[in-house]
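For reference, data.pdb is printed below; it contains PDB, N, CA and C atoms.
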```
ATOM      1  N   MET C   1       0.816  -1.193   0.000
ATOM      2  CA  MET C   1       0.000   0.000   0.000
ATOM      3  C   MET C   1       0.863   1.261   0.000
ATOM      4  N   LEU C   2       1.929   1.260   0.797
ATOM      5  CA  LEU C   2       2.818   2.417   0.859
ATOM      6  C   LEU C   2       3.467   2.673  -0.502
ATOM      7  N   ARG C   3       3.838   1.611  -1.213
ATOM      8  CA  ARG C   3       4.410   1.763  -2.558
ATOM      9  C   ARG C   3       3.423   2.447  -3.493
ATOM     10  N   PHE C   4       2.161   2.054  -3.398
ATOM     11  CA  PHE C   4       1.129   2.650  -4.249
ATOM     12  C   PHE C   4       1.001   4.149  -3.972
ATOM     13  N   VAL C   5       1.019   4.537  -2.700
ATOM     14  CA  VAL C   5       0.907   5.946  -2.326
ATOM     15  C   VAL C   5       2.115   6.722  -2.845
ATOM     16  N   VAL C   6       3.307   6.171  -2.652
ATOM     17  CA  VAL C   6       4.521   6.839  -3.110
ATOM     18  C   VAL C   6       4.509   6.965  -4.636
ATOM     19  N   LEU C   7       4.133   5.913  -5.320
ATOM     20  CA  LEU C   7       4.057   5.944  -6.779
ATOM     21  C   LEU C   7       3.016   6.956  -7.243
ATOM     22  N   SER C   8       1.867   6.991  -6.583
ATOM     23  CA  SER C   8       0.820   7.951  -6.942
ATOM     24  C   SER C   8       1.297   9.384  -6.748
ATOM     25  N   LEU C   9       1.985   9.644  -5.646
ATOM     26  CA  LEU C   9       2.513  10.990  -5.406
ATOM     27  C   LEU C   9       3.555  11.372  -6.446
ATOM     28  N   ALA C  10       4.377  10.434  -6.846
ATOM     29  CA  ALA C  10       5.385  10.712  -7.875
ATOM     30  C   ALA C  10       4.727  11.049  -9.207
ATOM     31  N   ILE C  11       3.677  10.330  -9.552
ATOM     32  CA  ILE C  11       2.959  10.593 -10.801
ATOM     33  C   ILE C  11       2.297  11.961 -10.756
ATOM     34  N   VAL C  12       1.655  12.286  -9.652
ATOM     35  CA  VAL C  12       1.001  13.591  -9.516
ATOM     36  C   VAL C  12       2.038  14.710  -9.603
ATOM     37  N   ALA C  13       3.171  14.547  -8.960
ATOM     38  CA  ALA C  13       4.219  15.574  -9.003
ATOM     39  C   ALA C  13       4.738  15.757 -10.424
ATOM     40  N   THR C  14       4.859  14.669 -11.156
ATOM     41  CA  THR C  14       5.329  14.749 -12.538
ATOM     42  C   THR C  14       4.310  15.457 -13.411
ATOM     43  N   LEU C  15       3.047  15.156 -13.228
ATOM     44  CA  LEU C  15       2.004  15.757 -14.047
ATOM     45  C   LEU C  15       1.710  17.201 -13.664
ATOM     46  N   ALA C  16       2.066  17.604 -12.471
ATOM     47  CA  ALA C  16       1.782  18.967 -12.023
ATOM     48  C   ALA C  16       2.549  19.990 -12.841
ATOM     49  N   SER C  17       3.725  19.654 -13.313
ATOM     50  CA  SER C  17       4.505  20.562 -14.150
ATOM     51  C   SER C  17       4.658  19.942 -15.527
ATOM     52  N   PRO C  18       3.975  20.509 -16.527
ATOM     53  CA  PRO C  18       4.058  19.932 -17.871
ATOM     54  C   PRO C  18       5.368  20.243 -18.578
ATOM     55  N   PHE C  19       6.241  21.017 -17.954
ATOM     56  CA  PHE C  19       7.475  21.446 -18.593
ATOM     57  C   PHE C  19       8.617  20.481 -18.315
ATOM     58  N   ILE C  20       9.588  20.512 -19.194
ATOM     59  CA  ILE C  20      10.830  19.789 -18.954
ATOM     60  C   ILE C  20      11.663  20.686 -18.035
ATOM     61  N   LEU C  21      11.774  20.307 -16.768
ATOM     62  CA  LEU C  21      12.388  21.177 -15.768
ATOM     63  C   LEU C  21      13.849  21.476 -16.067
ATOM     64  N   ASP C  22      14.546  20.567 -16.750
ATOM     65  CA  ASP C  22      15.943  20.804 -17.094
ATOM     66  C   ASP C  22      16.104  22.001 -18.030
ATOM     67  N   LEU C  23      15.015  22.430 -18.645
ATOM     68  CA  LEU C  23      15.084  23.534 -19.607
ATOM     69  C   LEU C  23      14.737  24.885 -18.988
ATOM     70  N   ASP C  24      14.513  24.939 -17.692
ATOM     71  CA  ASP C  24      14.138  26.201 -17.057
ATOM     72  C   ASP C  24      15.157  27.306 -17.338
ATOM     73  N   ASP C  25      16.435  27.009 -17.158
ATOM     74  CA  ASP C  25      17.476  28.023 -17.393
ATOM     75  C   ASP C  25      17.529  28.428 -18.862
ATOM     76  N   ASP C  26      17.389  27.450 -19.764
ATOM     77  CA  ASP C  26      17.395  27.753 -21.200
ATOM     78  C   ASP C  26      16.213  28.638 -21.582
ATOM     79  N   TRP C  27      15.039  28.347 -21.019
ATOM     80  CA  TRP C  27      13.836  29.131 -21.271
ATOM     81  C   TRP C  27      14.041  30.579 -20.816
ATOM     82  N   GLU C  28      14.568  30.740 -19.609
ATOM     83  CA  GLU C  28      14.807  32.088 -19.082
ATOM     84  C   GLU C  28      15.840  32.834 -19.931
ATOM     85  N   MET C  29      16.894  32.151 -20.339
ATOM     86  CA  MET C  29      17.920  32.778 -21.170
ATOM     87  C   MET C  29      17.342  33.182 -22.529
ATOM     88  N   TRP C  30      16.526  32.301 -23.124
ATOM     89  CA  TRP C  30      15.911  32.612 -24.415
ATOM     90  C   TRP C  30      14.992  33.824 -24.283
ATOM     91  N   LYS C  31      14.168  33.861 -23.215
ATOM     92  CA  LYS C  31      13.274  35.003 -23.002
ATOM     93  C   LYS C  31      14.068  36.296 -22.835
ATOM     94  N   ASN C  32      15.137  36.248 -22.074
ATOM     95  CA  ASN C  32      15.957  37.442 -21.872
ATOM     96  C   ASN C  32      16.633  37.884 -23.163
ATOM     97  N   THR C  33      17.127  36.942 -23.939
ATOM     98  CA  THR C  33      17.791  37.258 -25.209
ATOM     99  C   THR C  33      16.847  37.964 -26.166
ATOM    100  N   HIS C  34      15.600  37.539 -26.188
ATOM    101  CA  HIS C  34      14.628  38.077 -27.146
ATOM    102  C   HIS C  34      13.629  39.038 -26.496
ATOM    103  N   ASN C  35      13.945  39.499 -25.285
ATOM    104  CA  ASN C  35      13.104  40.470 -24.567
ATOM    105  C   ASN C  35      11.634  40.052 -24.516
ATOM    106  N   LYS C  36      11.398  38.826 -24.118
ATOM    107  CA  LYS C  36      10.040  38.289 -24.033
ATOM    108  C   LYS C  36       9.524  38.410 -22.598
ATOM    109  N   ALA C  37       8.283  38.848 -22.467
ATOM    110  CA  ALA C  37       7.598  38.900 -21.170
ATOM    111  C   ALA C  37       6.142  38.537 -21.425
ATOM    112  N   TYR C  38       5.592  37.707 -20.581
ATOM    113  CA  TYR C  38       4.233  37.213 -20.768
ATOM    114  C   TYR C  38       3.429  37.363 -19.495
ATOM    115  N   GLU C  39       2.122  37.342 -19.662
ATOM    116  CA  GLU C  39       1.230  37.191 -18.521
ATOM    117  C   GLU C  39       1.375  35.752 -18.049
ATOM    118  N   LYS C  40       0.993  35.478 -16.814
ATOM    119  CA  LYS C  40       1.214  34.142 -16.243
ATOM    120  C   LYS C  40       0.586  33.029 -17.082
ATOM    121  N   GLY C  41      -0.672  33.134 -17.437
ATOM    122  CA  GLY C  41      -1.335  32.089 -18.221
ATOM    123  C   GLY C  41      -0.745  31.944 -19.606
ATOM    124  N   GLU C  42      -0.376  33.063 -20.215
ATOM    125  CA  GLU C  42       0.207  33.016 -21.550
ATOM    126  C   GLU C  42       1.587  32.367 -21.521
ATOM    127  N   GLU C  43       2.340  32.623 -20.474
ATOM    128  CA  GLU C  43       3.698  32.076 -20.410
ATOM    129  C   GLU C  43       3.682  30.548 -20.444
ATOM    130  N   GLN C  44       2.727  29.925 -19.803
ATOM    131  CA  GLN C  44       2.659  28.464 -19.803
ATOM    132  C   GLN C  44       2.444  27.937 -21.218
ATOM    133  N   VAL C  45       1.558  28.572 -21.962
ATOM    134  CA  VAL C  45       1.292  28.139 -23.334
ATOM    135  C   VAL C  45       2.521  28.370 -24.208
ATOM    136  N   ARG C  46       3.124  29.551 -24.085
ATOM    137  CA  ARG C  46       4.317  29.859 -24.889
ATOM    138  C   ARG C  46       5.467  28.915 -24.563
ATOM    139  N   ARG C  47       5.604  28.568 -23.299
ATOM    140  CA  ARG C  47       6.679  27.644 -22.897
ATOM    141  C   ARG C  47       6.472  26.280 -23.536
ATOM    142  N   LEU C  48       5.239  25.787 -23.548
ATOM    143  CA  LEU C  48       4.966  24.492 -24.173
ATOM    144  C   LEU C  48       5.260  24.524 -25.674
ATOM    145  N   ILE C  49       4.854  25.605 -26.328
ATOM    146  CA  ILE C  49       5.145  25.752 -27.763
ATOM    147  C   ILE C  49       6.653  25.805 -27.976
ATOM    148  N   TRP C  50       7.359  26.570 -27.152
ATOM    149  CA  TRP C  50       8.808  26.697 -27.249
ATOM    150  C   TRP C  50       9.494  25.343 -27.092
ATOM    151  N   GLU C  51       9.044  24.556 -26.140
ATOM    152  CA  GLU C  51       9.632  23.232 -25.932
ATOM    153  C   GLU C  51       9.394  22.329 -27.137
ATOM    154  N   GLU C  52       8.185  22.375 -27.697
ATOM    155  CA  GLU C  52       7.905  21.563 -28.895
ATOM    156  C   GLU C  52       8.784  22.004 -30.062
ATOM    157  N   ASN C  53       8.934  23.302 -30.237
ATOM    158  CA  ASN C  53       9.796  23.796 -31.314
ATOM    159  C   ASN C  53      11.254  23.422 -31.070
ATOM    160  N   LEU C  54      11.685  23.444 -29.817
ATOM    161  CA  LEU C  54      13.048  23.038 -29.485
ATOM    162  C   LEU C  54      13.284  21.573 -29.855
ATOM    163  N   LYS C  55      12.302  20.728 -29.582
ATOM    164  CA  LYS C  55      12.405  19.310 -29.961
ATOM    165  C   LYS C  55      12.504  19.157 -31.476
ATOM    166  N   LYS C  56      11.681  19.924 -32.218
ATOM    167  CA  LYS C  56      11.717  19.858 -33.682
ATOM    168  C   LYS C  56      13.071  20.304 -34.219
ATOM    169  N   VAL C  57      13.620  21.374 -33.650
ATOM    170  CA  VAL C  57      14.928  21.879 -34.082
ATOM    171  C   VAL C  57      16.011  20.850 -33.792
ATOM    172  N   ALA C  58      15.985  20.270 -32.600
ATOM    173  CA  ALA C  58      16.995  19.269 -32.229
ATOM    174  C   ALA C  58      16.909  18.052 -33.144
ATOM    175  N   LYS C  59      15.693  17.594 -33.440
ATOM    176  CA  LYS C  59      15.510  16.438 -34.329
ATOM    177  C   LYS C  59      16.010  16.759 -35.736
ATOM    178  N   HIS C  60      15.625  17.917 -36.236
ATOM    179  CA  HIS C  60      16.051  18.312 -37.577
ATOM    180  C   HIS C  60      17.582  18.394 -37.658
ATOM    181  N   ASN C  61      18.205  19.008 -36.658
ATOM    182  CA  ASN C  61      19.654  19.172 -36.684
ATOM    183  C   ASN C  61      20.383  17.842 -36.532
ATOM    184  N   LEU C  62      19.787  16.901 -35.816
ATOM    185  CA  LEU C  62      20.350  15.547 -35.758
ATOM    186  C   LEU C  62      20.280  14.901 -37.139
ATOM    187  N   GLU C  63      19.136  15.077 -37.807
ATOM    188  CA  GLU C  63      18.990  14.561 -39.176
ATOM    189  C   GLU C  63      19.945  15.266 -40.140
ATOM    190  N   TYR C  64      20.205  16.537 -39.907
ATOM    191  CA  TYR C  64      21.206  17.263 -40.700
ATOM    192  C   TYR C  64      22.577  16.604 -40.547
ATOM    193  N   ASP C  65      22.927  16.269 -39.308
ATOM    194  CA  ASP C  65      24.210  15.598 -39.057
ATOM    195  C   ASP C  65      24.296  14.245 -39.753
ATOM    196  N   MET C  66      23.130  13.635 -40.017
ATOM    197  CA  MET C  66      23.088  12.354 -40.721
ATOM    198  C   MET C  66      22.914  12.552 -42.229
ATOM    199  N   LYS C  67      23.099  13.810 -42.680
ATOM    200  CA  LYS C  67      23.030  14.171 -44.116
ATOM    201  C   LYS C  67      21.628  14.020 -44.717
ATOM    202  N   LYS C  68      20.584  14.119 -43.883
ATOM    203  CA  LYS C  68      19.220  14.039 -44.397
ATOM    204  C   LYS C  68      18.696  15.411 -44.834
ATOM    205  N   HIS C  69      19.340  16.480 -44.362
ATOM    206  CA  HIS C  69      18.958  17.840 -44.723
ATOM    207  C   HIS C  69      20.214  18.614 -45.118
ATOM    208  N   SER C  70      20.021  19.670 -45.888
ATOM    209  CA  SER C  70      21.158  20.479 -46.324
ATOM    210  C   SER C  70      21.300  21.766 -45.517
ATOM    211  N   TYR C  71      20.498  21.934 -44.472
ATOM    212  CA  TYR C  71      20.534  23.144 -43.663
ATOM    213  C   TYR C  71      20.196  22.808 -42.215
ATOM    214  N   LYS C  72      20.629  23.681 -41.312
ATOM    215  CA  LYS C  72      20.333  23.539 -39.893
ATOM    216  C   LYS C  72      19.234  24.521 -39.503
ATOM    217  N   LEU C  73      18.580  24.239 -38.401
ATOM    218  CA  LEU C  73      17.579  25.133 -37.835
ATOM    219  C   LEU C  73      18.099  25.704 -36.522
ATOM    220  N   GLY C  74      17.486  26.792 -36.068
ATOM    221  CA  GLY C  74      17.857  27.398 -34.799
ATOM    222  C   GLY C  74      16.631  27.971 -34.111
ATOM    223  N   MET C  75      16.805  28.361 -32.876
ATOM    224  CA  MET C  75      15.728  28.940 -32.078
ATOM    225  C   MET C  75      15.829  30.461 -32.161
ATOM    226  N   ASN C  76      14.928  31.074 -32.911
ATOM    227  CA  ASN C  76      14.937  32.527 -33.039
ATOM    228  C   ASN C  76      13.839  33.158 -32.186
ATOM    229  N   GLU C  77      13.550  34.433 -32.434
ATOM    230  CA  GLU C  77      12.559  35.141 -31.626
ATOM    231  C   GLU C  77      11.134  34.642 -31.819
ATOM    232  N   TYR C  78      10.908  33.807 -32.822
ATOM    233  CA  TYR C  78       9.577  33.256 -33.076
ATOM    234  C   TYR C  78       9.400  31.842 -32.511
ATOM    235  N   ALA C  79      10.347  31.356 -31.751
ATOM    236  CA  ALA C  79      10.312  29.979 -31.259
ATOM    237  C   ALA C  79       9.191  29.724 -30.250
ATOM    238  N   ASP C  80       8.537  30.770 -29.796
ATOM    239  CA  ASP C  80       7.406  30.601 -28.870
ATOM    240  C   ASP C  80       6.068  30.679 -29.595
ATOM    241  N   MET C  81       6.100  30.594 -30.915
ATOM    242  CA  MET C  81       4.877  30.672 -31.720
ATOM    243  C   MET C  81       4.728  29.408 -32.556
ATOM    244  N   VAL C  82       3.486  29.083 -32.877
ATOM    245  CA  VAL C  82       3.233  28.013 -33.833
ATOM    246  C   VAL C  82       3.279  28.622 -35.227
ATOM    247  N   SER C  83       3.449  27.799 -36.241
ATOM    248  CA  SER C  83       3.635  28.314 -37.596
ATOM    249  C   SER C  83       2.463  29.175 -38.062
ATOM    250  N   PHE C  84       1.243  28.852 -37.635
ATOM    251  CA  PHE C  84       0.088  29.660 -38.016
ATOM    252  C   PHE C  84       0.242  31.097 -37.529
ATOM    253  N   CYS C  85       0.714  31.278 -36.307
ATOM    254  CA  CYS C  85       0.892  32.623 -35.751
ATOM    255  C   CYS C  85       1.967  33.390 -36.509
ATOM    256  N   ILE C  86       3.038  32.705 -36.867
ATOM    257  CA  ILE C  86       4.125  33.354 -37.603
ATOM    258  C   ILE C  86       3.626  33.805 -38.969
ATOM    259  N   THR C  87       2.877  32.948 -39.652
ATOM    260  CA  THR C  87       2.329  33.296 -40.964
ATOM    261  C   THR C  87       1.405  34.492 -40.847
ATOM    262  N   PHE C  88       0.519  34.486 -39.858
ATOM    263  CA  PHE C  88      -0.395  35.607 -39.655
ATOM    264  C   PHE C  88       0.383  36.881 -39.353
ATOM    265  N   PHE C  89       1.361  36.785 -38.468
ATOM    266  CA  PHE C  89       2.171  37.933 -38.071
ATOM    267  C   PHE C  89       2.861  38.547 -39.289
ATOM    268  N   ASN C  90       3.455  37.723 -40.132
ATOM    269  CA  ASN C  90       4.145  38.214 -41.326
ATOM    270  C   ASN C  90       3.158  38.759 -42.357
ATOM    271  N   ASN C  91       2.051  38.104 -42.562
ATOM    272  CA  ASN C  91       1.102  38.514 -43.589
ATOM    273  C   ASN C  91       0.308  39.753 -43.223
ATOM    274  N   LYS C  92       0.095  40.004 -41.953
ATOM    275  CA  LYS C  92      -0.688  41.190 -41.592
ATOM    276  C   LYS C  92       0.064  42.451 -42.006
ATOM    277  N   TYR C  93       1.383  42.439 -41.966
ATOM    278  CA  TYR C  93       2.139  43.609 -42.404
ATOM    279  C   TYR C  93       2.117  43.748 -43.920
ATOM    280  N   LYS C  94       2.137  42.622 -44.619
ATOM    281  CA  LYS C  94       2.014  42.667 -46.079
ATOM    282  C   LYS C  94       0.649  43.223 -46.458
ATOM    283  N   TYR C  95      -0.397  42.759 -45.761
ATOM    284  CA  TYR C  95      -1.752  43.220 -46.030
ATOM    285  C   TYR C  95      -1.876  44.708 -45.708
ATOM    286  N   LEU C  96      -1.315  45.130 -44.576
ATOM    287  CA  LEU C  96      -1.354  46.529 -44.197
ATOM    288  C   LEU C  96      -0.620  47.389 -45.234
ATOM    289  N   GLY C  97       0.533  46.902 -45.734
ATOM    290  CA  GLY C  97       1.269  47.623 -46.758
ATOM    291  C   GLY C  97       0.443  47.768 -48.026
ATOM    292  N   THR C  98      -0.288  46.721 -48.397
ATOM    293  CA  THR C  98      -1.143  46.768 -49.590
ATOM    294  C   THR C  98      -2.244  47.803 -49.391
ATOM    295  N   ILE C  99      -2.831  47.847 -48.234
ATOM    296  CA  ILE C  99      -3.905  48.809 -47.948
ATOM    297  C   ILE C  99      -3.357  50.232 -48.049
ATOM    298  N   LEU C 100      -2.196  50.462 -47.454
ATOM    299  CA  LEU C 100      -1.625  51.807 -47.473
ATOM    300  C   LEU C 100      -1.256  52.253 -48.891
ATOM    301  N   LYS C 101      -0.747  51.322 -49.701
ATOM    302  CA  LYS C 101      -0.349  51.652 -51.074
ATOM    303  C   LYS C 101      -1.550  51.908 -51.977
ATOM    304  N   THR C 102      -2.602  51.115 -51.806
ATOM    305  CA  THR C 102      -3.745  51.212 -52.701
ATOM    306  C   THR C 102      -4.828  52.134 -52.171
ATOM    307  N   GLY C 103      -4.756  52.491 -50.892
ATOM    308  CA  GLY C 103      -5.741  53.369 -50.296
ATOM    309  C   GLY C 103      -7.093  52.718 -50.083
ATOM    310  N   LEU C 104      -7.120  51.379 -49.929
ATOM    311  CA  LEU C 104      -8.400  50.681 -49.691
ATOM    312  C   LEU C 104      -8.996  51.025 -48.352
TER     313      LEU C 104
END
```
Would you encode the structure as C-alpha cells?
Amino acid sequence: MLRFVVLSLAIVATLASPFILDLDDDWEMWKNTHNKAYEKGEEQVRRLIWEENLKKVAKHNLEYDMKKHSYKLGMNEYADMVSFCITFFNNKYKYLGTILKTGL
C-alpha cells in the first residue's frame, strides 16, 4: 500500500509541471535574449510551444548531421509561436502595406 501511495505521489508531481524542468534556465535565457515577457497564463502556453519547437529543431539538426537535410535550424525570436501565428504575423504587415499603397 505504501508503494502505491509513493508511486501515486510521484505521478502527480510529474504531471503537475508539464514542462521539462531541465530547460528552465534555457527558457529564461531565451526570453531574456529576445526580450520576451508574458502574462502568467500566456507564459505556460508559450513555454509548451517553445519546448515543442526546441524538440523539432533538435531532431532536424540531428537529421542534418546524418546528411538528411542540407541546412540547420535554430531557435529565433519566433520559437514561442506556432507556424500559423508566424504566418499571420508576417502577412498582416504585407496586407497593411497593400492597404496603405492602394488606399483601400
Exercise. What lies within 8 Å of range 20-25 of chain C using all atoms listed in the file, ignoring chain neighbours under 5 positions off, as a list of chain:residue names?
Worked result: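 Near range 20-25 of chain C, the qualifying residues are C:Trp30, C:Lys31, C:Arg47, C:Leu48, C:Glu51.
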Exercise. At a cut-off of 10 Å from (7.1, 24.3, -29.2) in the coordinates of the file, what residues are picked up using only C-alpha atoms, written as a ChimeraX atom specification?
Worked result: /C:45-57,79-83
For this session: May I ask for the distance between atom N of Lys36 in chain C and atom N of Tyr64 in chain C, given in Å to one decimal place?
Result: 28.7 Å
Problem set entry | d(atom N of Ala58 in chain C, CA of Leu73 in chain C) in Å |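 Distance reported for this atom pair: 7.3 Å.
Taking atom C of Asn35 in chain C and CA of Tyr78 in chain C as the two end points, the separation is 11.1 Å.
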